[in-house]
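The structure file my_file18.txt is reproduced below (compact mmCIF, N, CA and C atoms).
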```txt
# COMPACT_ATOMS: atom_id res chain seq x y z
N TYR A 1 -66.47 170.39 -85.35
CA TYR A 1 -67.15 169.85 -84.20
C TYR A 1 -66.19 169.15 -83.24
N ALA A 2 -65.10 168.68 -83.75
CA ALA A 2 -64.15 167.92 -82.93
C ALA A 2 -63.62 168.75 -81.76
N PHE A 3 -63.40 170.06 -81.97
CA PHE A 3 -62.84 170.89 -80.90
C PHE A 3 -63.83 171.07 -79.74
N TYR A 4 -65.09 170.81 -80.00
CA TYR A 4 -66.06 170.88 -78.91
C TYR A 4 -65.79 169.77 -77.90
N PHE A 5 -65.47 168.59 -78.41
CA PHE A 5 -65.20 167.45 -77.54
C PHE A 5 -63.74 167.36 -77.12
N TYR A 6 -62.84 167.85 -77.97
CA TYR A 6 -61.40 167.79 -77.70
C TYR A 6 -60.80 169.17 -77.90
N PRO A 7 -60.84 170.00 -76.87
CA PRO A 7 -60.31 171.36 -77.03
C PRO A 7 -58.81 171.34 -77.26
N PRO A 8 -58.28 172.35 -77.99
CA PRO A 8 -56.84 172.40 -78.23
C PRO A 8 -56.09 172.56 -76.91
N LEU A 9 -54.96 171.91 -76.81
CA LEU A 9 -54.14 171.97 -75.61
C LEU A 9 -52.99 172.94 -75.79
N PRO A 10 -52.55 173.63 -74.73
CA PRO A 10 -51.41 174.53 -74.85
C PRO A 10 -50.12 173.76 -74.99
N GLY A 11 -49.11 174.43 -75.56
CA GLY A 11 -47.77 173.84 -75.66
C GLY A 11 -47.69 172.85 -76.80
N GLY A 12 -46.51 172.20 -76.88
CA GLY A 12 -46.29 171.19 -77.90
C GLY A 12 -45.98 171.83 -79.24
N GLY A 13 -45.95 171.02 -80.26
CA GLY A 13 -45.67 171.50 -81.61
C GLY A 13 -44.25 172.00 -81.73
N ALA A 14 -44.00 172.76 -82.76
CA ALA A 14 -42.66 173.25 -83.04
C ALA A 14 -42.19 174.25 -82.00
N GLY A 15 -43.13 174.89 -81.29
CA GLY A 15 -42.76 175.88 -80.30
C GLY A 15 -42.24 175.31 -79.01
N GLY A 16 -42.40 174.05 -78.77
CA GLY A 16 -41.92 173.42 -77.56
C GLY A 16 -42.97 173.35 -76.48
N VAL A 17 -42.56 172.78 -75.35
CA VAL A 17 -43.43 172.65 -74.18
C VAL A 17 -42.83 173.50 -73.06
N PRO A 18 -43.67 174.03 -72.19
CA PRO A 18 -43.15 174.85 -71.10
C PRO A 18 -42.24 174.04 -70.18
N ALA A 19 -41.10 174.61 -69.83
CA ALA A 19 -40.24 174.00 -68.81
C ALA A 19 -40.99 174.13 -67.49
N GLY A 20 -41.00 173.07 -66.70
CA GLY A 20 -41.76 173.09 -65.46
C GLY A 20 -40.87 173.07 -64.22
N ASP A 21 -41.37 173.70 -63.16
CA ASP A 21 -40.64 173.65 -61.89
C ASP A 21 -40.94 172.32 -61.20
N VAL A 22 -40.53 172.18 -59.96
CA VAL A 22 -40.68 170.92 -59.24
C VAL A 22 -42.14 170.48 -59.15
N ASP A 23 -43.07 171.43 -59.18
CA ASP A 23 -44.49 171.11 -59.13
C ASP A 23 -45.14 171.03 -60.51
N GLY A 24 -44.33 171.21 -61.56
CA GLY A 24 -44.86 171.17 -62.91
C GLY A 24 -45.39 172.50 -63.41
N ASN A 25 -45.26 173.56 -62.62
CA ASN A 25 -45.72 174.89 -63.05
C ASN A 25 -44.77 175.48 -64.08
N PRO A 26 -45.29 176.14 -65.11
CA PRO A 26 -44.43 176.75 -66.13
C PRO A 26 -43.47 177.77 -65.50
N ILE A 27 -42.27 177.84 -66.05
CA ILE A 27 -41.24 178.76 -65.56
C ILE A 27 -41.09 179.92 -66.53
N THR A 28 -41.11 181.13 -66.01
CA THR A 28 -40.84 182.30 -66.84
C THR A 28 -39.37 182.68 -66.69
N LEU A 29 -38.84 183.32 -67.71
CA LEU A 29 -37.45 183.77 -67.67
C LEU A 29 -37.25 184.77 -66.53
N ALA A 30 -38.19 185.68 -66.35
CA ALA A 30 -38.07 186.70 -65.29
C ALA A 30 -37.98 186.05 -63.91
N THR A 31 -38.84 185.08 -63.65
CA THR A 31 -38.81 184.38 -62.36
C THR A 31 -37.51 183.61 -62.18
N TRP A 32 -37.06 182.96 -63.24
CA TRP A 32 -35.81 182.19 -63.20
C TRP A 32 -34.63 183.10 -62.85
N MET A 33 -34.55 184.24 -63.50
CA MET A 33 -33.40 185.13 -63.32
C MET A 33 -33.37 185.76 -61.93
N LYS A 34 -34.51 185.85 -61.26
CA LYS A 34 -34.55 186.40 -59.90
C LYS A 34 -33.85 185.49 -58.90
N THR A 35 -33.82 184.19 -59.19
CA THR A 35 -33.30 183.22 -58.22
C THR A 35 -32.05 182.48 -58.70
N HIS A 36 -31.54 182.84 -59.88
CA HIS A 36 -30.36 182.15 -60.42
C HIS A 36 -29.34 183.16 -60.91
N LYS A 37 -28.07 182.78 -60.78
CA LYS A 37 -26.98 183.64 -61.27
C LYS A 37 -26.21 182.89 -62.35
N GLU A 38 -25.37 183.62 -63.05
CA GLU A 38 -24.61 183.04 -64.16
C GLU A 38 -23.86 181.79 -63.71
N GLY A 39 -23.98 180.75 -64.51
CA GLY A 39 -23.32 179.48 -64.23
C GLY A 39 -24.16 178.50 -63.44
N ASP A 40 -25.28 178.94 -62.86
CA ASP A 40 -26.15 178.03 -62.13
C ASP A 40 -26.77 177.02 -63.08
N ARG A 41 -26.95 175.81 -62.58
CA ARG A 41 -27.62 174.73 -63.32
C ARG A 41 -28.64 174.14 -62.38
N GLU A 42 -29.85 174.00 -62.87
CA GLU A 42 -30.90 173.43 -62.02
C GLU A 42 -31.83 172.58 -62.86
N LEU A 43 -32.33 171.53 -62.23
CA LEU A 43 -33.25 170.62 -62.89
C LEU A 43 -34.63 171.26 -63.08
N VAL A 44 -35.19 171.01 -64.25
CA VAL A 44 -36.56 171.39 -64.56
C VAL A 44 -37.23 170.19 -65.22
N GLN A 45 -38.57 170.23 -65.27
CA GLN A 45 -39.29 169.21 -66.02
C GLN A 45 -39.28 169.64 -67.48
N GLY A 46 -38.76 168.76 -68.32
CA GLY A 46 -38.65 169.07 -69.74
C GLY A 46 -39.57 168.23 -70.58
N LEU A 47 -39.07 167.75 -71.70
CA LEU A 47 -39.85 166.93 -72.62
C LEU A 47 -40.35 165.68 -71.91
N LYS A 48 -41.62 165.38 -72.09
CA LYS A 48 -42.26 164.21 -71.49
C LYS A 48 -42.10 164.17 -69.97
N GLY A 49 -41.87 165.33 -69.34
CA GLY A 49 -41.70 165.39 -67.89
C GLY A 49 -40.35 164.93 -67.40
N GLU A 50 -39.43 164.61 -68.32
CA GLU A 50 -38.10 164.13 -67.92
C GLU A 50 -37.26 165.28 -67.38
N PRO A 51 -36.29 164.96 -66.50
CA PRO A 51 -35.45 166.01 -65.92
C PRO A 51 -34.40 166.53 -66.90
N PHE A 52 -34.32 167.83 -67.00
CA PHE A 52 -33.31 168.50 -67.82
C PHE A 52 -32.69 169.61 -66.99
N TYR A 53 -31.41 169.89 -67.25
CA TYR A 53 -30.74 171.00 -66.60
C TYR A 53 -30.84 172.24 -67.47
N LEU A 54 -31.33 173.34 -66.90
CA LEU A 54 -31.24 174.65 -67.53
C LEU A 54 -29.95 175.29 -67.02
N ILE A 55 -29.24 175.95 -67.90
CA ILE A 55 -27.97 176.59 -67.55
C ILE A 55 -28.13 178.09 -67.68
N THR A 56 -27.86 178.80 -66.59
CA THR A 56 -28.06 180.23 -66.52
C THR A 56 -26.86 180.99 -67.06
N LYS A 57 -27.14 181.98 -67.91
CA LYS A 57 -26.13 182.92 -68.40
C LYS A 57 -26.34 184.25 -67.67
N ALA A 58 -25.59 185.27 -68.04
CA ALA A 58 -25.66 186.56 -67.33
C ALA A 58 -27.07 187.15 -67.29
N ASP A 59 -27.78 187.11 -68.41
CA ASP A 59 -29.11 187.73 -68.44
C ASP A 59 -30.17 186.85 -69.08
N THR A 60 -29.87 185.56 -69.26
CA THR A 60 -30.82 184.62 -69.86
C THR A 60 -30.37 183.20 -69.51
N VAL A 61 -30.84 182.23 -70.27
CA VAL A 61 -30.39 180.85 -70.12
C VAL A 61 -29.80 180.41 -71.46
N LYS A 62 -28.96 179.37 -71.42
CA LYS A 62 -28.40 178.85 -72.67
C LYS A 62 -29.52 178.35 -73.57
N ASP A 63 -29.23 178.26 -74.86
CA ASP A 63 -30.25 177.85 -75.82
C ASP A 63 -30.40 176.34 -75.93
N PHE A 64 -29.77 175.61 -75.01
CA PHE A 64 -29.96 174.17 -74.95
C PHE A 64 -30.03 173.74 -73.49
N ALA A 65 -30.74 172.65 -73.26
CA ALA A 65 -30.82 172.03 -71.93
C ALA A 65 -30.17 170.67 -72.03
N ILE A 66 -29.66 170.19 -70.91
CA ILE A 66 -28.97 168.91 -70.85
C ILE A 66 -29.82 167.91 -70.08
N GLY A 67 -30.09 166.78 -70.72
CA GLY A 67 -30.85 165.72 -70.05
C GLY A 67 -30.09 165.23 -68.83
N ALA A 68 -30.81 164.89 -67.77
CA ALA A 68 -30.17 164.51 -66.51
C ALA A 68 -30.16 163.01 -66.26
N VAL A 69 -30.53 162.21 -67.25
CA VAL A 69 -30.60 160.77 -67.06
C VAL A 69 -29.35 160.11 -67.62
N CYS A 70 -28.61 159.41 -66.75
CA CYS A 70 -27.37 158.74 -67.14
C CYS A 70 -27.65 157.70 -68.23
N THR A 71 -26.76 157.64 -69.20
CA THR A 71 -26.95 156.72 -70.32
C THR A 71 -26.46 155.31 -70.00
N HIS A 72 -26.01 155.08 -68.77
CA HIS A 72 -25.59 153.73 -68.37
C HIS A 72 -26.81 152.94 -67.88
N LEU A 73 -27.36 153.35 -66.73
CA LEU A 73 -28.50 152.62 -66.18
C LEU A 73 -29.68 153.50 -65.80
N GLY A 74 -29.66 154.77 -66.19
CA GLY A 74 -30.82 155.62 -65.99
C GLY A 74 -30.90 156.39 -64.68
N CYS A 75 -29.80 156.48 -63.96
CA CYS A 75 -29.80 157.28 -62.73
C CYS A 75 -29.89 158.77 -63.09
N VAL A 76 -30.42 159.58 -62.18
CA VAL A 76 -30.39 161.03 -62.39
C VAL A 76 -29.00 161.51 -61.96
N VAL A 77 -28.35 162.22 -62.87
CA VAL A 77 -26.96 162.63 -62.68
C VAL A 77 -26.90 164.04 -62.11
N PRO A 78 -26.35 164.21 -60.91
CA PRO A 78 -26.24 165.56 -60.33
C PRO A 78 -25.05 166.33 -60.90
N TRP A 79 -25.16 167.65 -60.90
CA TRP A 79 -24.07 168.54 -61.29
C TRP A 79 -23.16 168.71 -60.10
N ASN A 80 -21.86 168.49 -60.29
CA ASN A 80 -20.88 168.67 -59.23
C ASN A 80 -20.06 169.92 -59.56
N LYS A 81 -20.42 171.03 -58.94
CA LYS A 81 -19.78 172.32 -59.23
C LYS A 81 -18.28 172.30 -58.90
N ALA A 82 -17.89 171.55 -57.88
CA ALA A 82 -16.49 171.51 -57.46
C ALA A 82 -15.55 170.97 -58.54
N VAL A 83 -16.05 170.04 -59.35
CA VAL A 83 -15.21 169.46 -60.41
C VAL A 83 -15.71 169.85 -61.81
N ASN A 84 -16.75 170.68 -61.87
CA ASN A 84 -17.30 171.17 -63.13
C ASN A 84 -17.73 170.03 -64.06
N LYS A 85 -18.41 169.03 -63.46
CA LYS A 85 -18.87 167.87 -64.23
C LYS A 85 -20.18 167.37 -63.65
N TYR A 86 -20.90 166.63 -64.49
CA TYR A 86 -22.04 165.85 -64.03
C TYR A 86 -21.45 164.49 -63.64
N CYS A 87 -21.65 164.07 -62.41
CA CYS A 87 -21.06 162.83 -61.91
C CYS A 87 -22.16 161.89 -61.42
N CYS A 88 -22.26 160.73 -62.05
CA CYS A 88 -23.29 159.77 -61.67
C CYS A 88 -22.89 159.07 -60.37
N PRO A 89 -23.76 159.12 -59.37
CA PRO A 89 -23.44 158.49 -58.09
C PRO A 89 -23.56 156.96 -58.12
N CYS A 90 -24.18 156.40 -59.14
CA CYS A 90 -24.44 154.96 -59.17
C CYS A 90 -23.20 154.14 -59.54
N HIS A 91 -22.56 154.51 -60.66
CA HIS A 91 -21.42 153.72 -61.12
C HIS A 91 -20.24 154.57 -61.58
N GLY A 92 -20.27 155.88 -61.30
CA GLY A 92 -19.10 156.72 -61.54
C GLY A 92 -18.96 157.35 -62.91
N SER A 93 -19.95 157.23 -63.76
CA SER A 93 -19.85 157.89 -65.07
C SER A 93 -19.74 159.39 -64.87
N GLN A 94 -19.00 160.04 -65.76
CA GLN A 94 -18.82 161.48 -65.68
C GLN A 94 -19.06 162.11 -67.05
N TYR A 95 -19.62 163.32 -67.01
CA TYR A 95 -19.94 164.08 -68.21
C TYR A 95 -19.41 165.49 -68.03
N ASP A 96 -18.89 166.10 -69.10
CA ASP A 96 -18.36 167.46 -68.99
C ASP A 96 -19.49 168.48 -68.84
N GLU A 97 -19.13 169.75 -68.82
CA GLU A 97 -20.11 170.81 -68.57
C GLU A 97 -21.22 170.88 -69.61
N ASP A 98 -20.99 170.31 -70.80
CA ASP A 98 -22.03 170.28 -71.84
C ASP A 98 -22.73 168.93 -71.93
N GLY A 99 -22.39 168.01 -71.01
CA GLY A 99 -23.05 166.71 -70.99
C GLY A 99 -22.40 165.65 -71.85
N LYS A 100 -21.21 165.91 -72.39
CA LYS A 100 -20.50 164.91 -73.18
C LYS A 100 -19.83 163.92 -72.23
N VAL A 101 -20.01 162.61 -72.51
CA VAL A 101 -19.43 161.59 -71.63
C VAL A 101 -17.89 161.68 -71.70
N VAL A 102 -17.26 161.71 -70.53
CA VAL A 102 -15.80 161.76 -70.45
C VAL A 102 -15.23 160.57 -69.68
N ARG A 103 -16.11 159.83 -68.99
CA ARG A 103 -15.68 158.64 -68.27
C ARG A 103 -16.86 157.69 -68.14
N GLY A 104 -16.62 156.42 -68.45
CA GLY A 104 -17.66 155.40 -68.39
C GLY A 104 -17.88 154.90 -66.99
N PRO A 105 -18.80 153.97 -66.91
CA PRO A 105 -19.26 153.05 -67.94
C PRO A 105 -20.35 153.56 -68.89
N ALA A 106 -20.84 154.78 -68.71
CA ALA A 106 -21.87 155.29 -69.62
C ALA A 106 -21.34 155.28 -71.05
N PRO A 107 -22.14 154.73 -71.98
CA PRO A 107 -21.67 154.63 -73.36
C PRO A 107 -21.91 155.88 -74.21
N LEU A 108 -22.82 156.76 -73.77
CA LEU A 108 -23.23 157.89 -74.60
C LEU A 108 -23.29 159.17 -73.78
N SER A 109 -23.25 160.30 -74.47
CA SER A 109 -23.41 161.60 -73.83
C SER A 109 -24.86 161.78 -73.39
N LEU A 110 -25.09 162.74 -72.50
CA LEU A 110 -26.45 163.05 -72.05
C LEU A 110 -27.24 163.67 -73.20
N SER A 111 -28.54 163.50 -73.18
CA SER A 111 -29.39 164.03 -74.25
C SER A 111 -29.43 165.56 -74.21
N LEU A 112 -29.88 166.14 -75.31
CA LEU A 112 -30.02 167.59 -75.44
C LEU A 112 -31.45 167.95 -75.81
N ALA A 113 -31.82 169.18 -75.48
CA ALA A 113 -33.09 169.75 -75.93
C ALA A 113 -32.86 171.23 -76.20
N HIS A 114 -33.60 171.78 -77.12
CA HIS A 114 -33.54 173.22 -77.37
C HIS A 114 -34.28 173.96 -76.27
N VAL A 115 -33.82 175.17 -75.95
CA VAL A 115 -34.51 176.05 -75.01
C VAL A 115 -34.75 177.38 -75.70
N ALA A 116 -35.94 177.89 -75.59
CA ALA A 116 -36.29 179.19 -76.17
C ALA A 116 -37.20 179.93 -75.20
N THR A 117 -37.25 181.23 -75.38
CA THR A 117 -38.16 182.06 -74.57
C THR A 117 -39.22 182.62 -75.52
N THR A 118 -40.48 182.34 -75.21
CA THR A 118 -41.60 182.84 -75.99
C THR A 118 -42.59 183.48 -75.03
N ASP A 119 -42.88 184.74 -75.28
CA ASP A 119 -43.80 185.50 -74.41
C ASP A 119 -43.37 185.42 -72.95
N GLY A 120 -42.05 185.39 -72.71
CA GLY A 120 -41.52 185.36 -71.36
C GLY A 120 -41.42 183.98 -70.74
N ASN A 121 -42.00 182.98 -71.39
CA ASN A 121 -41.97 181.61 -70.86
C ASN A 121 -40.80 180.82 -71.43
N LEU A 122 -40.19 179.99 -70.59
CA LEU A 122 -39.12 179.11 -71.05
C LEU A 122 -39.73 177.85 -71.63
N LEU A 123 -39.37 177.56 -72.88
CA LEU A 123 -39.90 176.39 -73.59
C LEU A 123 -38.77 175.45 -73.94
N VAL A 124 -39.06 174.15 -73.87
CA VAL A 124 -38.10 173.10 -74.22
C VAL A 124 -38.67 172.36 -75.42
N SER A 125 -37.82 172.10 -76.41
CA SER A 125 -38.27 171.37 -77.60
C SER A 125 -37.22 170.34 -78.01
N PRO A 126 -37.60 169.34 -78.79
CA PRO A 126 -36.68 168.27 -79.18
C PRO A 126 -35.45 168.79 -79.92
N TRP A 127 -34.36 168.05 -79.83
CA TRP A 127 -33.10 168.36 -80.52
C TRP A 127 -32.88 167.25 -81.55
N PRO A 128 -33.34 167.43 -82.79
CA PRO A 128 -33.16 166.39 -83.80
C PRO A 128 -31.86 166.55 -84.62
N GLU A 129 -31.18 167.68 -84.47
CA GLU A 129 -29.99 167.95 -85.26
C GLU A 129 -28.78 167.15 -84.75
N THR A 130 -27.70 167.26 -85.48
CA THR A 130 -26.43 166.65 -85.09
C THR A 130 -26.03 167.15 -83.71
N ASP A 131 -25.50 166.25 -82.89
CA ASP A 131 -25.02 166.59 -81.55
C ASP A 131 -23.73 167.40 -81.70
N PHE A 132 -23.76 168.67 -81.29
CA PHE A 132 -22.60 169.56 -81.46
C PHE A 132 -21.39 169.09 -80.66
N ARG A 133 -21.60 168.25 -79.65
CA ARG A 133 -20.49 167.79 -78.81
C ARG A 133 -19.72 166.65 -79.45
N THR A 134 -20.41 165.85 -80.26
CA THR A 134 -19.78 164.65 -80.82
C THR A 134 -19.74 164.62 -82.35
N GLY A 135 -20.57 165.45 -82.99
CA GLY A 135 -20.67 165.41 -84.45
C GLY A 135 -21.52 164.26 -84.96
N LEU A 136 -22.18 163.54 -84.06
CA LEU A 136 -23.00 162.39 -84.43
C LEU A 136 -24.48 162.74 -84.39
N GLN A 137 -25.28 161.89 -85.04
CA GLN A 137 -26.72 162.06 -84.96
C GLN A 137 -27.17 161.74 -83.53
N PRO A 138 -28.21 162.40 -83.04
CA PRO A 138 -28.63 162.16 -81.66
C PRO A 138 -29.17 160.75 -81.46
N TRP A 139 -28.78 160.13 -80.38
CA TRP A 139 -29.25 158.77 -80.06
C TRP A 139 -30.64 158.83 -79.41
N TRP A 140 -31.05 159.99 -78.90
CA TRP A 140 -32.28 160.13 -78.11
C TRP A 140 -33.51 160.43 -78.94
N LYS A 141 -33.46 160.30 -80.24
CA LYS A 141 -34.60 160.63 -81.11
C LYS A 141 -35.85 159.92 -80.68
```
Have the structure of the file written as structure tokens, please.
Amino acid sequence: YAFYFYPPLPGGGAGGVPAGDVDGNPITLATWMKTHKEGDRELVQGLKGEPFYLITKADTVKDFAIGAVCTHLGCVVPWNKAVNKYCCPCHGSQYDEDGKVVRGPAPLSLSLAHVATTDGNLLVSPWPETDFRTGLQPWWK
């Protein structure tokens, strides 16, 4: 009887949540590939609506997304293609192409999330495993 009052919601669970465009609409891989080329990075709405960068490969996207919130004071960190880094405009923190902190004052690397394609839709899910960039447990749990 509970489902009568509380219908099941799409997304969530182990399969992840749909990556959303600027308006929150789900993004399909086919639509993404029409407007992005290899090496492109663009913000999407990820876990809990937070900004994450999807990274485009030749015919798909990488299997991880990089959180866009600086670990110093929470600014959104833009990708600077000219220097191949994420550079925080607030206090100068810098992160390499995979989001690992390379210059402070930020104390930690950017967060990670898994990216998968299911039924053509791009899904983002939590990254609870060891951070491949640092060998440490994730701070963003």
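Separating atom C of Ala82 in chain A from CA of Pro105 in chain A is a distance of 20.6 Å.
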| task | Excluding range 120-126 of chain A and any residue of its chain fewer than 6 positions from it, enumerate the residues within 8 Å of it, using all atoms listed in the file, and give them as a list in words. | result |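 So, after excluding close chain neighbours, the residues are Gly12, Gly13, Ala14, Gly15, Gly16, Val17, Pro18, Ala19, Gly20, Pro26, Ile27, Thr28, Leu29, Ala30, Thr31, Gln45, Gly46, Leu47, Ala65, Leu112, Ala113 and His114 of chain A.
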| Can you list every residue in range 10-130 of chain A that DSSP puts in strand (DSSP E or B), as number ranges by chain? | A: 17-18, 20, 26, 28, 41-45, 51-56, 61, 64-67, 69, 76, 79-80, 85-87, 94-95, 101-103, 112-118, 121-126
| query | Which residue out of A:Thr134, A:Ser109, A:Asn84, A:Thr118 has the minimum interatomic distance to Val69 in chain A when only N, CA and C atoms are used? | reply | A:Ser109
| request: Go ahead and compute the interatomic distance for CA of Trp32 in chain A and CA of Asp63 in chain A, in Å to one decimal. | output: 14.5 Å
| How would you write, as an MDAnalysis selection string, the set of residues in chain A that DSSP gives as helix (DSSP H, G or I)? | chainID A and resid 2:5 13:15 29:35 47:49
Write the residues you've just listed into a file as a short mmCIF file (atom, residue, chain, number, x, y, z; two decimals), in the coordinates of the input, and include N, CA and C atoms for each of them.
```cif
data_model
loop_
_atom_site.label_atom_id
_atom_site.label_comp_id
_atom_site.auth_asym_id
_atom_site.auth_seq_id
_atom_site.Cartn_x
_atom_site.Cartn_y
_atom_site.Cartn_z
N ALA A 2 -65.10 168.68 -83.75
CA ALA A 2 -64.15 167.92 -82.93
C ALA A 2 -63.62 168.75 -81.76
N PHE A 3 -63.40 170.06 -81.97
CA PHE A 3 -62.84 170.89 -80.90
C PHE A 3 -63.83 171.07 -79.74
N TYR A 4 -65.09 170.81 -80.00
CA TYR A 4 -66.06 170.88 -78.91
C TYR A 4 -65.79 169.77 -77.90
N PHE A 5 -65.47 168.59 -78.41
CA PHE A 5 -65.20 167.45 -77.54
C PHE A 5 -63.74 167.36 -77.12
N GLY A 13 -45.95 171.02 -80.26
CA GLY A 13 -45.67 171.50 -81.61
C GLY A 13 -44.25 172.00 -81.73
N ALA A 14 -44.00 172.76 -82.76
CA ALA A 14 -42.66 173.25 -83.04
C ALA A 14 -42.19 174.25 -82.00
N GLY A 15 -43.13 174.89 -81.29
CA GLY A 15 -42.76 175.88 -80.30
C GLY A 15 -42.24 175.31 -79.01
N LEU A 29 -38.84 183.32 -67.71
CA LEU A 29 -37.45 183.77 -67.67
C LEU A 29 -37.25 184.77 -66.53
N ALA A 30 -38.19 185.68 -66.35
CA ALA A 30 -38.07 186.70 -65.29
C ALA A 30 -37.98 186.05 -63.91
N THR A 31 -38.84 185.08 -63.65
CA THR A 31 -38.81 184.38 -62.36
C THR A 31 -37.51 183.61 -62.18
N TRP A 32 -37.06 182.96 -63.24
CA TRP A 32 -35.81 182.19 -63.20
C TRP A 32 -34.63 183.10 -62.85
N MET A 33 -34.55 184.24 -63.50
CA MET A 33 -33.40 185.13 -63.32
C MET A 33 -33.37 185.76 -61.93
N LYS A 34 -34.51 185.85 -61.26
CA LYS A 34 -34.55 186.40 -59.90
C LYS A 34 -33.85 185.49 -58.90
N THR A 35 -33.82 184.19 -59.19
CA THR A 35 -33.30 183.22 -58.22
C THR A 35 -32.05 182.48 -58.70
N LEU A 47 -39.07 167.75 -71.70
CA LEU A 47 -39.85 166.93 -72.62
C LEU A 47 -40.35 165.68 -71.91
N LYS A 48 -41.62 165.38 -72.09
CA LYS A 48 -42.26 164.21 -71.49
C LYS A 48 -42.10 164.17 -69.97
N GLY A 49 -41.87 165.33 -69.34
CA GLY A 49 -41.70 165.39 -67.89
C GLY A 49 -40.35 164.93 -67.40
#
```
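Nearest-residue note for Gly104 in chain A: choosing from A:Lys57, A:Asp131, A:His72, A:Lys85, the minimum distance belongs to A:His72, counting all atoms listed in the file.
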| message | My list of candidates is A:Val44, A:Val22, A:Cys90, A:Met33. Which is closest to Thr60 in chain A when distances are computed with all atoms listed in the file? | response |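 Selected residue with least distance to Thr60 in chain A: A:Met33.
Surrounding residues of (-25.5, 173.7, -64.3) at most 7 Å away are Gly39, Asp40, Arg41, Glu42, Tyr53, Leu54, Ile55, Thr56 and Trp79 of chain A (based on all atoms listed in the file).
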| Separation of atom C of Cys88 in chain A from atom N of Pro107 in chain A in Å |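 Value for the atom N of Pro107 in chain A-atom C of Cys88 in chain A distance: 12.4 Å.
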Neighbours of Asp96 in chain A within 7 Å (only N, CA and C atoms; same-chain residues fewer than 4 positions away dropped), as an mmCIF file with N, CA and C atoms, in the frame of the given file?
```cif
data_model
loop_
_atom_site.group_PDB
_atom_site.id
_atom_site.type_symbol
_atom_site.label_atom_id
_atom_site.label_comp_id
_atom_site.auth_asym_id
_atom_site.auth_seq_id
_atom_site.Cartn_x
_atom_site.Cartn_y
_atom_site.Cartn_z
ATOM 1 N N ASN A 84 -16.750 170.680 -61.870
ATOM 2 C CA ASN A 84 -17.300 171.170 -63.130
ATOM 3 C C ASN A 84 -17.730 170.030 -64.060
ATOM 4 N N LYS A 85 -18.410 169.030 -63.460
ATOM 5 C CA LYS A 85 -18.870 167.870 -64.230
ATOM 6 C C LYS A 85 -20.180 167.370 -63.650
ATOM 7 N N TYR A 86 -20.900 166.630 -64.490
ATOM 8 C CA TYR A 86 -22.040 165.850 -64.030
ATOM 9 C C TYR A 86 -21.450 164.490 -63.640
ATOM 10 N N LYS A 100 -21.210 165.910 -72.390
ATOM 11 C CA LYS A 100 -20.500 164.910 -73.180
ATOM 12 C C LYS A 100 -19.830 163.920 -72.230
ATOM 13 N N VAL A 101 -20.010 162.610 -72.510
ATOM 14 C CA VAL A 101 -19.430 161.590 -71.630
ATOM 15 C C VAL A 101 -17.890 161.680 -71.700
ATOM 16 N N VAL A 102 -17.260 161.710 -70.530
ATOM 17 C CA VAL A 102 -15.800 161.760 -70.450
ATOM 18 C C VAL A 102 -15.230 160.570 -69.680
ATOM 19 N N ARG A 103 -16.110 159.830 -68.990
ATOM 20 C CA ARG A 103 -15.680 158.640 -68.270
ATOM 21 C C ARG A 103 -16.860 157.690 -68.140
#
```
| request: Compare A:Cys75, A:Thr117, A:Lys62, A:Ala68 by their minimum atom-to-atom distance to Leu43 in chain A, counting only N, CA and C atoms, and give me the closest one. | output: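 Among the listed residues, A:Ala68 lies closest to Leu43 in chain A.
With distances restricted to only N, CA and C atoms, A:Thr71 is the closest residue to Ala106 in chain A from A:Gln137, A:Asn80, A:Thr71, A:Thr130.
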